[in-house]
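> After the structure tokens below, expect a handful of questions from me.
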Amino acid sequence: MMTTDKNEWTPGLTLVDNLLHHVIATYPIDKNRIYGSGQSQGGMANIAISDKHPDLFTAQFLVACQWNTEEMKVLKDKKLWILVSEGDDKAYPGMNTATKNWADLGTKIATSPMWDSHSTPEQFNALVKATVDQKAPINYTVFKDGNHMYTWSVAYNIEGIRDWLFSQTKEK
């Protein structure tokens with residue numbers, strides 16, 4: 001098990017962290033373009049690694065996940081796109097708290113009315129554009145209804161979010 005709902009650093013998470021850093025040290029990786037993404041436990045692992053190494057990821061796409069919201073405060077200056085479903089009884093309230101914490105710390109958070117997960121690609125493009133146009137480092141979007149398992153079946157098909165993620169670079 002890589003992560004648990006207890007927000008503990010596990011041996012599995014240590015292995016992933018060590019592998020990630022080994023690959024970065026061994027291969028010609030553009031350190032200005034290291035992206036993180038994960039769903040559920042993968043998202044939790046992404047947050048945990050980013051908490052431990054806040055300068056590692058250029059940007060992250062976090063789907064249906066949560067972590068200790070106090071520890072997540074270190075991410076206040078990160079480029080994040082967070083997508084959860086309203087019916088996710090852990091990720092939705094967890095990310096509501098995280099985004100409130102970041103806003104309280106002075107971070108601008110782009111939000112929008114809840115998204116319809118049955119939107120067409122054109123509708124998703126308009127939703128993404130409206131979010132990006134807010135020019136915030138953290139984008140927080142929520143699918144109306146849905147549940148934990150449902151979120152990622154749609155999230156990774158939204159081309160505009162992928163385009164946003166891969167267009168991010170670190171300031172030099």
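Chain identifiers are assigned as A, B, and so on, following the order in which chains appear in the structure tokens; residues are numbered from 1 within each chain, and ligands are numbered from 1 in order of appearance.
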Tell me, as a ChimeraX atom specification, which residues lie within 6 Å of region 59-74 of chain A, counting only C-alpha atoms; anything in the same chain fewer than 2 positions away does not count.

/A:7,35-40,43-44,57,76,79-84,91,94,98,148

> Take the residues from that selection and put them in a file with all heavy atoms, as a short mmCIF file (atom, residue, chain, number, x, y, z; two decimals), in the first residue's frame.


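The result, written out as result35.cif:
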data_model
loop_
_atom_site.label_atom_id
_atom_site.label_comp_id
_atom_site.auth_asym_id
_atom_site.auth_seq_id
_atom_site.Cartn_x
_atom_site.Cartn_y
_atom_site.Cartn_z
N ASN A 7 -2.89 9.42 6.24
CA ASN A 7 -1.91 10.40 5.77
C ASN A 7 -0.51 10.13 6.32
O ASN A 7 0.18 11.03 6.78
CB ASN A 7 -2.35 11.82 6.12
CG ASN A 7 -3.73 12.14 5.62
OD1 ASN A 7 -4.04 11.91 4.46
ND2 ASN A 7 -4.58 12.64 6.50
N TYR A 35 6.04 17.01 -14.09
CA TYR A 35 4.62 17.13 -13.76
C TYR A 35 4.19 15.98 -12.89
O TYR A 35 4.71 14.87 -12.99
CB TYR A 35 3.78 17.14 -15.05
CG TYR A 35 4.22 18.21 -16.00
CD1 TYR A 35 4.94 17.90 -17.15
CD2 TYR A 35 3.94 19.54 -15.74
CE1 TYR A 35 5.36 18.89 -18.01
CE2 TYR A 35 4.37 20.54 -16.60
CZ TYR A 35 5.08 20.21 -17.73
OH TYR A 35 5.50 21.20 -18.58
N GLY A 36 3.22 16.25 -12.04
CA GLY A 36 2.66 15.22 -11.20
C GLY A 36 1.17 15.09 -11.44
O GLY A 36 0.48 16.08 -11.67
N SER A 37 0.70 13.87 -11.42
CA SER A 37 -0.74 13.63 -11.48
C SER A 37 -1.04 12.30 -10.84
O SER A 37 -0.20 11.40 -10.83
CB SER A 37 -1.24 13.63 -12.93
OG SER A 37 -2.66 13.54 -12.94
N GLY A 38 -2.22 12.21 -10.31
CA GLY A 38 -2.64 10.96 -9.73
C GLY A 38 -4.10 11.03 -9.34
O GLY A 38 -4.66 12.11 -9.15
N GLN A 39 -4.68 9.86 -9.29
CA GLN A 39 -6.08 9.75 -8.88
C GLN A 39 -6.14 8.89 -7.63
O GLN A 39 -5.36 7.95 -7.48
CB GLN A 39 -6.89 9.12 -10.00
CG GLN A 39 -6.44 7.70 -10.33
CD GLN A 39 -6.97 7.18 -11.64
OE1 GLN A 39 -7.17 7.94 -12.57
NE2 GLN A 39 -7.22 5.89 -11.70
N SER A 40 -7.00 9.25 -6.72
CA SER A 40 -7.19 8.50 -5.48
C SER A 40 -5.84 8.35 -4.76
O SER A 40 -5.20 9.34 -4.44
CB SER A 40 -7.86 7.17 -5.78
OG SER A 40 -8.30 6.57 -4.60
N GLY A 43 -3.05 10.26 -6.34
CA GLY A 43 -3.10 11.68 -6.03
C GLY A 43 -2.58 11.95 -4.63
O GLY A 43 -1.88 12.94 -4.39
N MET A 44 -2.93 11.07 -3.70
CA MET A 44 -2.44 11.22 -2.33
C MET A 44 -0.91 11.10 -2.31
O MET A 44 -0.24 11.88 -1.63
CB MET A 44 -3.08 10.16 -1.43
CG MET A 44 -4.57 10.37 -1.23
SD MET A 44 -5.40 8.98 -0.44
CE MET A 44 -4.74 9.08 1.22
N PHE A 57 7.78 19.37 -8.39
CA PHE A 57 6.85 19.38 -9.52
C PHE A 57 6.64 20.80 -10.06
O PHE A 57 6.48 21.75 -9.30
CB PHE A 57 5.49 18.81 -9.11
CG PHE A 57 5.54 17.34 -8.74
CD1 PHE A 57 5.30 16.95 -7.44
CD2 PHE A 57 5.83 16.38 -9.68
CE1 PHE A 57 5.34 15.61 -7.07
CE2 PHE A 57 5.88 15.04 -9.34
CZ PHE A 57 5.63 14.65 -8.04
N LYS A 76 0.71 26.04 -1.17
CA LYS A 76 -0.04 27.27 -1.46
C LYS A 76 0.48 28.02 -2.67
O LYS A 76 -0.26 28.75 -3.31
CB LYS A 76 -0.08 28.18 -0.25
CG LYS A 76 1.25 28.84 0.09
CD LYS A 76 1.12 29.77 1.28
CE LYS A 76 2.42 30.47 1.60
NZ LYS A 76 2.89 31.35 0.56
N LYS A 79 1.39 25.31 -8.75
CA LYS A 79 0.45 25.33 -9.87
C LYS A 79 -0.31 24.00 -9.80
O LYS A 79 0.27 22.93 -10.07
CB LYS A 79 1.18 25.46 -11.20
CG LYS A 79 1.95 26.76 -11.33
CD LYS A 79 2.78 26.76 -12.60
CE LYS A 79 3.71 27.95 -12.65
NZ LYS A 79 4.62 27.88 -13.81
N LEU A 80 -1.58 24.09 -9.42
CA LEU A 80 -2.38 22.89 -9.23
C LEU A 80 -3.69 22.99 -10.00
O LEU A 80 -4.28 24.08 -10.07
CB LEU A 80 -2.73 22.70 -7.74
CG LEU A 80 -1.60 22.65 -6.73
CD1 LEU A 80 -2.16 22.60 -5.32
CD2 LEU A 80 -0.70 21.46 -7.00
N TRP A 81 -4.13 21.85 -10.51
CA TRP A 81 -5.51 21.73 -10.98
C TRP A 81 -6.09 20.56 -10.20
O TRP A 81 -5.58 19.44 -10.25
CB TRP A 81 -5.60 21.43 -12.48
CG TRP A 81 -6.99 21.71 -12.99
CD1 TRP A 81 -8.15 21.12 -12.57
CD2 TRP A 81 -7.37 22.69 -13.95
NE1 TRP A 81 -9.22 21.66 -13.22
CE2 TRP A 81 -8.77 22.62 -14.09
CE3 TRP A 81 -6.66 23.59 -14.72
CZ2 TRP A 81 -9.48 23.43 -14.97
CZ3 TRP A 81 -7.36 24.39 -15.60
CH2 TRP A 81 -8.75 24.31 -15.72
N ILE A 82 -7.12 20.85 -9.44
CA ILE A 82 -7.76 19.85 -8.59
C ILE A 82 -9.15 19.59 -9.14
O ILE A 82 -9.90 20.53 -9.41
CB ILE A 82 -7.84 20.35 -7.14
CG1 ILE A 82 -6.44 20.64 -6.60
CG2 ILE A 82 -8.59 19.34 -6.26
CD1 ILE A 82 -6.42 21.52 -5.37
N LEU A 83 -9.50 18.32 -9.29
CA LEU A 83 -10.83 17.94 -9.76
C LEU A 83 -11.37 16.83 -8.88
O LEU A 83 -10.73 15.80 -8.71
CB LEU A 83 -10.77 17.49 -11.22
CG LEU A 83 -12.07 17.04 -11.87
CD1 LEU A 83 -13.13 18.14 -11.81
CD2 LEU A 83 -11.84 16.63 -13.31
N VAL A 84 -12.52 17.08 -8.28
CA VAL A 84 -13.19 16.10 -7.43
C VAL A 84 -14.66 16.06 -7.82
O VAL A 84 -15.15 16.93 -8.53
CB VAL A 84 -13.05 16.43 -5.92
CG1 VAL A 84 -11.60 16.42 -5.49
CG2 VAL A 84 -13.69 17.77 -5.59
N ALA A 91 -12.61 13.27 -0.67
CA ALA A 91 -11.87 14.25 -1.48
C ALA A 91 -12.58 15.59 -1.55
O ALA A 91 -11.92 16.64 -1.47
CB ALA A 91 -11.63 13.70 -2.89
N GLY A 94 -12.26 17.41 1.81
CA GLY A 94 -10.84 17.63 2.04
C GLY A 94 -10.28 18.74 1.18
O GLY A 94 -9.55 19.62 1.66
N ALA A 98 -8.67 22.39 2.00
CA ALA A 98 -7.35 22.77 1.48
C ALA A 98 -7.41 24.09 0.73
O ALA A 98 -6.58 24.98 0.95
CB ALA A 98 -6.79 21.67 0.58
N HIS A 148 -16.45 9.09 -5.80
CA HIS A 148 -15.01 8.91 -5.83
C HIS A 148 -14.56 8.14 -7.07
O HIS A 148 -13.69 8.60 -7.82
CB HIS A 148 -14.56 8.20 -4.55
CG HIS A 148 -13.09 7.97 -4.48
ND1 HIS A 148 -12.19 9.00 -4.31
CD2 HIS A 148 -12.35 6.83 -4.56
CE1 HIS A 148 -10.96 8.51 -4.28
NE2 HIS A 148 -11.04 7.20 -4.44
#

> Could you please write out, as a PyMOL selection string, every residue of region 3-103 of chain A that DSSP assigns to alpha helix (DSSP H)?

chain A and resi 11-26+41-52+91-103

> I'd like a table as CSV: residues in region 48-163 of chain A with an atom no more than 10 Å from region 10-27 of chain A, each row giving the shortest atom pair and its distance in Å to one decimal, only C-alpha atoms counted, sorted by chain and rising residue number.


residue,atom,partner,partner_atom,distance
A:Ala48,CA,A:Leu13,CA,8.4
A:Ile49,CA,A:Asp17,CA,6.8
A:Lys52,CA,A:Asp17,CA,9.6
A:His53,CA,A:Asp17,CA,9.7
A:Leu56,CA,A:His21,CA,9.5

> Please produce a file of those selected residues containing all heavy atoms, as a PDB file, in the first residue's frame.


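Ended up saving to again-v3.pdb:
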ATOM      1  N   ALA A  48       1.747  13.913  -1.090  1.00  0.00           N
ATOM      2  CA  ALA A  48       2.743  13.614  -0.055  1.00  0.00           C
ATOM      3  C   ALA A  48       4.155  13.912  -0.548  1.00  0.00           C
ATOM      4  O   ALA A  48       4.959  14.526   0.165  1.00  0.00           O
ATOM      5  CB  ALA A  48       2.629  12.151   0.375  1.00  0.00           C
ATOM      6  N   ILE A  49       4.459  13.518  -1.789  1.00  0.00           N
ATOM      7  CA  ILE A  49       5.786  13.777  -2.346  1.00  0.00           C
ATOM      8  C   ILE A  49       5.995  15.278  -2.516  1.00  0.00           C
ATOM      9  O   ILE A  49       7.066  15.811  -2.223  1.00  0.00           O
ATOM     10  CB  ILE A  49       5.981  13.003  -3.664  1.00  0.00           C
ATOM     11  CG1 ILE A  49       6.067  11.502  -3.367  1.00  0.00           C
ATOM     12  CG2 ILE A  49       7.226  13.489  -4.410  1.00  0.00           C
ATOM     13  CD1 ILE A  49       5.986  10.612  -4.600  1.00  0.00           C
ATOM     14  N   LYS A  52       6.772  16.910   0.771  1.00  0.00           N
ATOM     15  CA  LYS A  52       8.145  16.637   1.194  1.00  0.00           C
ATOM     16  C   LYS A  52       9.161  17.385   0.324  1.00  0.00           C
ATOM     17  O   LYS A  52      10.208  17.808   0.814  1.00  0.00           O
ATOM     18  CB  LYS A  52       8.413  15.132   1.134  1.00  0.00           C
ATOM     19  CG  LYS A  52       9.761  14.725   1.679  1.00  0.00           C
ATOM     20  CD  LYS A  52       9.881  13.209   1.734  1.00  0.00           C
ATOM     21  CE  LYS A  52      11.211  12.782   2.325  1.00  0.00           C
ATOM     22  NZ  LYS A  52      11.323  11.324   2.391  1.00  0.00           N
ATOM     23  N   HIS A  53       8.844  17.519  -0.963  1.00  0.00           N
ATOM     24  CA  HIS A  53       9.746  18.166  -1.921  1.00  0.00           C
ATOM     25  C   HIS A  53       8.963  19.262  -2.665  1.00  0.00           C
ATOM     26  O   HIS A  53       8.608  19.096  -3.829  1.00  0.00           O
ATOM     27  CB  HIS A  53      10.295  17.154  -2.930  1.00  0.00           C
ATOM     28  CG  HIS A  53      10.858  15.919  -2.324  1.00  0.00           C
ATOM     29  ND1 HIS A  53      12.101  15.895  -1.705  1.00  0.00           N
ATOM     30  CD2 HIS A  53      10.368  14.656  -2.233  1.00  0.00           C
ATOM     31  CE1 HIS A  53      12.344  14.669  -1.277  1.00  0.00           C
ATOM     32  NE2 HIS A  53      11.311  13.903  -1.577  1.00  0.00           N
ATOM     33  N   LEU A  56       9.789  20.198  -6.377  1.00  0.00           N
ATOM     34  CA  LEU A  56       9.968  19.134  -7.366  1.00  0.00           C
ATOM     35  C   LEU A  56       9.078  19.313  -8.596  1.00  0.00           C
ATOM     36  O   LEU A  56       9.558  19.377  -9.720  1.00  0.00           O
ATOM     37  CB  LEU A  56       9.698  17.769  -6.725  1.00  0.00           C
ATOM     38  CG  LEU A  56       9.759  16.572  -7.680  1.00  0.00           C
ATOM     39  CD1 LEU A  56      11.172  16.392  -8.225  1.00  0.00           C
ATOM     40  CD2 LEU A  56       9.301  15.309  -6.972  1.00  0.00           C
TER      41      LEU A  56
END

> Taking only C-alpha atoms into account, which of A:Leu75, A:Thr58, A:Met95, A:Tyr150 comes nearest Trp164 (chain A)?

A:Thr58

> Which of these, A:Gln41, A:Asn147, A:Thr97, A:Thr141, has the shortest distance to Ser112 (chain A) once you count only C-alpha atoms?

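Between A:Gln41, A:Asn147, A:Thr97, A:Thr141, the residue approaching Ser112 (chain A) most closely is A:Thr141.
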
> If you measure from CA of Leu165 (chain A) to CA of Asn139 (chain A), what distance in Å do you get, rounded to one decimal?

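Computing the Euclidean distance for CA of Leu165 (chain A) and CA of Asn139 (chain A) yields 11.0 Å.
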
> Which value, in Å to one decimal, gives the distance between CA of Met2 (chain A) and CA of Lys78 (chain A)?

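Separation between CA of Met2 (chain A) and CA of Lys78 (chain A): 22.9 Å.
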
> Enumerate, as a short mmCIF file (atom, residue, chain, number, x, y, z; two decimals) with all heavy atoms, in the first residue's frame, the complete set of residues in region 4-159 of chain A that a backbone-based DSSP assignment places in strand (DSSP E or B).


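The result, written out as result-v2.cif:
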data_model
loop_
_atom_site.label_atom_id
_atom_site.label_comp_id
_atom_site.auth_asym_id
_atom_site.auth_seq_id
_atom_site.Cartn_x
_atom_site.Cartn_y
_atom_site.Cartn_z
N TYR A 35 6.04 17.01 -14.09
CA TYR A 35 4.62 17.13 -13.76
C TYR A 35 4.19 15.98 -12.89
O TYR A 35 4.71 14.87 -12.99
CB TYR A 35 3.78 17.14 -15.05
CG TYR A 35 4.22 18.21 -16.00
CD1 TYR A 35 4.94 17.90 -17.15
CD2 TYR A 35 3.94 19.54 -15.74
CE1 TYR A 35 5.36 18.89 -18.01
CE2 TYR A 35 4.37 20.54 -16.60
CZ TYR A 35 5.08 20.21 -17.73
OH TYR A 35 5.50 21.20 -18.58
N GLY A 36 3.22 16.25 -12.04
CA GLY A 36 2.66 15.22 -11.20
C GLY A 36 1.17 15.09 -11.44
O GLY A 36 0.48 16.08 -11.67
N SER A 37 0.70 13.87 -11.42
CA SER A 37 -0.74 13.63 -11.48
C SER A 37 -1.04 12.30 -10.84
O SER A 37 -0.20 11.40 -10.83
CB SER A 37 -1.24 13.63 -12.93
OG SER A 37 -2.66 13.54 -12.94
N GLY A 38 -2.22 12.21 -10.31
CA GLY A 38 -2.64 10.96 -9.73
C GLY A 38 -4.10 11.03 -9.34
O GLY A 38 -4.66 12.11 -9.15
N GLN A 39 -4.68 9.86 -9.29
CA GLN A 39 -6.08 9.75 -8.88
C GLN A 39 -6.14 8.89 -7.63
O GLN A 39 -5.36 7.95 -7.48
CB GLN A 39 -6.89 9.12 -10.00
CG GLN A 39 -6.44 7.70 -10.33
CD GLN A 39 -6.97 7.18 -11.64
OE1 GLN A 39 -7.17 7.94 -12.57
NE2 GLN A 39 -7.22 5.89 -11.70
N ALA A 59 3.98 21.47 -12.04
CA ALA A 59 2.52 21.60 -11.88
C ALA A 59 1.97 20.21 -11.63
O ALA A 59 2.61 19.21 -11.95
CB ALA A 59 1.90 22.22 -13.13
N GLN A 60 0.75 20.18 -11.06
CA GLN A 60 0.13 18.90 -10.74
C GLN A 60 -1.36 18.92 -11.07
O GLN A 60 -2.02 19.95 -10.90
CB GLN A 60 0.30 18.59 -9.25
CG GLN A 60 1.74 18.37 -8.84
CD GLN A 60 1.91 18.45 -7.35
OE1 GLN A 60 2.18 19.53 -6.82
NE2 GLN A 60 1.77 17.34 -6.66
N PHE A 61 -1.85 17.76 -11.51
CA PHE A 61 -3.28 17.54 -11.74
C PHE A 61 -3.69 16.48 -10.72
O PHE A 61 -3.28 15.32 -10.82
CB PHE A 61 -3.52 17.09 -13.17
CG PHE A 61 -4.96 16.83 -13.53
CD1 PHE A 61 -6.01 17.51 -12.92
CD2 PHE A 61 -5.28 15.90 -14.50
CE1 PHE A 61 -7.33 17.27 -13.26
CE2 PHE A 61 -6.59 15.66 -14.86
CZ PHE A 61 -7.62 16.34 -14.25
N LEU A 62 -4.48 16.89 -9.73
CA LEU A 62 -4.87 16.02 -8.62
C LEU A 62 -6.34 15.65 -8.77
O LEU A 62 -7.20 16.53 -8.77
CB LEU A 62 -4.61 16.74 -7.30
CG LEU A 62 -3.18 17.23 -7.09
CD1 LEU A 62 -3.09 18.08 -5.83
CD2 LEU A 62 -2.21 16.06 -7.04
N VAL A 63 -6.62 14.36 -8.86
CA VAL A 63 -7.97 13.88 -9.16
C VAL A 63 -8.48 12.99 -8.02
O VAL A 63 -7.83 12.00 -7.66
CB VAL A 63 -7.98 13.09 -10.49
CG1 VAL A 63 -9.37 12.58 -10.81
CG2 VAL A 63 -7.43 13.94 -11.63
N LEU A 80 -1.58 24.09 -9.42
CA LEU A 80 -2.38 22.89 -9.23
C LEU A 80 -3.69 22.99 -10.00
O LEU A 80 -4.28 24.08 -10.07
CB LEU A 80 -2.73 22.70 -7.74
CG LEU A 80 -1.60 22.65 -6.73
CD1 LEU A 80 -2.16 22.60 -5.32
CD2 LEU A 80 -0.70 21.46 -7.00
N TRP A 81 -4.13 21.85 -10.51
CA TRP A 81 -5.51 21.73 -10.98
C TRP A 81 -6.09 20.56 -10.20
O TRP A 81 -5.58 19.44 -10.25
CB TRP A 81 -5.60 21.43 -12.48
CG TRP A 81 -6.99 21.71 -12.99
CD1 TRP A 81 -8.15 21.12 -12.57
CD2 TRP A 81 -7.37 22.69 -13.95
NE1 TRP A 81 -9.22 21.66 -13.22
CE2 TRP A 81 -8.77 22.62 -14.09
CE3 TRP A 81 -6.66 23.59 -14.72
CZ2 TRP A 81 -9.48 23.43 -14.97
CZ3 TRP A 81 -7.36 24.39 -15.60
CH2 TRP A 81 -8.75 24.31 -15.72
N ILE A 82 -7.12 20.85 -9.44
CA ILE A 82 -7.76 19.85 -8.59
C ILE A 82 -9.15 19.59 -9.14
O ILE A 82 -9.90 20.53 -9.41
CB ILE A 82 -7.84 20.35 -7.14
CG1 ILE A 82 -6.44 20.64 -6.60
CG2 ILE A 82 -8.59 19.34 -6.26
CD1 ILE A 82 -6.42 21.52 -5.37
N LEU A 83 -9.50 18.32 -9.29
CA LEU A 83 -10.83 17.94 -9.76
C LEU A 83 -11.37 16.83 -8.88
O LEU A 83 -10.73 15.80 -8.71
CB LEU A 83 -10.77 17.49 -11.22
CG LEU A 83 -12.07 17.04 -11.87
CD1 LEU A 83 -13.13 18.14 -11.81
CD2 LEU A 83 -11.84 16.63 -13.31
N VAL A 84 -12.52 17.08 -8.28
CA VAL A 84 -13.19 16.10 -7.43
C VAL A 84 -14.66 16.06 -7.82
O VAL A 84 -15.15 16.93 -8.53
CB VAL A 84 -13.05 16.43 -5.92
CG1 VAL A 84 -11.60 16.42 -5.49
CG2 VAL A 84 -13.69 17.77 -5.59
N SER A 85 -15.35 15.07 -7.31
CA SER A 85 -16.81 14.98 -7.48
C SER A 85 -17.50 15.37 -6.19
O SER A 85 -17.02 15.04 -5.10
CB SER A 85 -17.24 13.56 -7.88
OG SER A 85 -16.89 13.28 -9.21
N ILE A 109 -7.44 31.35 -5.83
CA ILE A 109 -7.97 30.06 -6.25
C ILE A 109 -9.02 30.31 -7.33
O ILE A 109 -9.98 31.04 -7.10
CB ILE A 109 -8.64 29.30 -5.07
CG1 ILE A 109 -7.77 29.27 -3.82
CG2 ILE A 109 -9.08 27.91 -5.51
CD1 ILE A 109 -6.52 28.47 -3.91
N ALA A 110 -8.85 29.71 -8.49
CA ALA A 110 -9.86 29.79 -9.54
C ALA A 110 -10.92 28.73 -9.28
O ALA A 110 -10.61 27.56 -9.07
CB ALA A 110 -9.24 29.56 -10.91
N TRP A 115 -19.26 21.54 -12.49
CA TRP A 115 -19.22 21.08 -13.87
C TRP A 115 -20.14 19.89 -14.07
O TRP A 115 -20.30 19.06 -13.17
CB TRP A 115 -17.82 20.66 -14.26
CG TRP A 115 -16.82 21.77 -14.40
CD1 TRP A 115 -16.95 23.08 -14.01
CD2 TRP A 115 -15.52 21.66 -14.97
NE1 TRP A 115 -15.82 23.78 -14.31
CE2 TRP A 115 -14.92 22.93 -14.90
CE3 TRP A 115 -14.80 20.61 -15.53
CZ2 TRP A 115 -13.64 23.18 -15.37
CZ3 TRP A 115 -13.52 20.86 -16.00
CH2 TRP A 115 -12.95 22.14 -15.92
N ILE A 138 -3.88 28.07 -8.60
CA ILE A 138 -4.61 26.87 -8.22
C ILE A 138 -6.01 26.92 -8.81
O ILE A 138 -6.75 27.89 -8.60
CB ILE A 138 -4.67 26.70 -6.68
CG1 ILE A 138 -3.25 26.56 -6.12
CG2 ILE A 138 -5.53 25.50 -6.30
CD1 ILE A 138 -3.16 26.48 -4.61
N ASN A 139 -6.35 25.88 -9.57
CA ASN A 139 -7.66 25.73 -10.18
C ASN A 139 -8.41 24.62 -9.46
O ASN A 139 -7.88 23.51 -9.34
CB ASN A 139 -7.53 25.38 -11.66
CG ASN A 139 -6.72 26.42 -12.41
OD1 ASN A 139 -7.07 27.58 -12.42
ND2 ASN A 139 -5.62 26.00 -13.02
N TYR A 140 -9.60 24.91 -8.99
CA TYR A 140 -10.39 23.93 -8.24
C TYR A 140 -11.73 23.75 -8.92
O TYR A 140 -12.55 24.67 -8.95
CB TYR A 140 -10.57 24.39 -6.80
CG TYR A 140 -11.34 23.41 -5.93
CD1 TYR A 140 -11.05 22.05 -5.94
CD2 TYR A 140 -12.34 23.85 -5.08
CE1 TYR A 140 -11.74 21.16 -5.15
CE2 TYR A 140 -13.04 22.97 -4.27
CZ TYR A 140 -12.74 21.62 -4.30
OH TYR A 140 -13.42 20.75 -3.51
N THR A 141 -11.94 22.56 -9.48
CA THR A 141 -13.19 22.28 -10.17
C THR A 141 -13.85 21.04 -9.58
O THR A 141 -13.17 20.12 -9.10
CB THR A 141 -12.95 22.10 -11.69
OG1 THR A 141 -11.89 21.16 -11.90
CG2 THR A 141 -12.56 23.42 -12.34
N VAL A 142 -15.19 21.04 -9.63
CA VAL A 142 -15.97 19.98 -9.00
C VAL A 142 -17.04 19.51 -9.97
O VAL A 142 -17.76 20.32 -10.56
CB VAL A 142 -16.65 20.49 -7.71
CG1 VAL A 142 -17.48 19.40 -7.06
CG2 VAL A 142 -15.60 21.03 -6.73
N PHE A 143 -17.14 18.18 -10.13
CA PHE A 143 -18.24 17.60 -10.89
C PHE A 143 -19.48 17.57 -10.00
O PHE A 143 -19.42 17.13 -8.84
CB PHE A 143 -17.95 16.16 -11.32
CG PHE A 143 -16.99 16.04 -12.46
CD1 PHE A 143 -16.12 14.96 -12.51
CD2 PHE A 143 -16.98 16.94 -13.52
CE1 PHE A 143 -15.24 14.80 -13.57
CE2 PHE A 143 -16.10 16.79 -14.58
CZ PHE A 143 -15.23 15.72 -14.61
#

> Find, counting only C-alpha atoms, the residue in A:Met114, A:Leu127, A:Ser167, A:Ala136 that gets nearest to Asp77 (chain A).

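Closest to Asp77 (chain A), using only C-alpha atoms: A:Ala136.
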
> Between A:Glu86, A:Glu8, A:Asp55, A:Glu122, which residue has the minimum interatomic distance to Ile34 (chain A), considering only C-alpha atoms?

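Using only C-alpha atoms, the shortest distance to Ile34 (chain A) belongs to A:Asp55.
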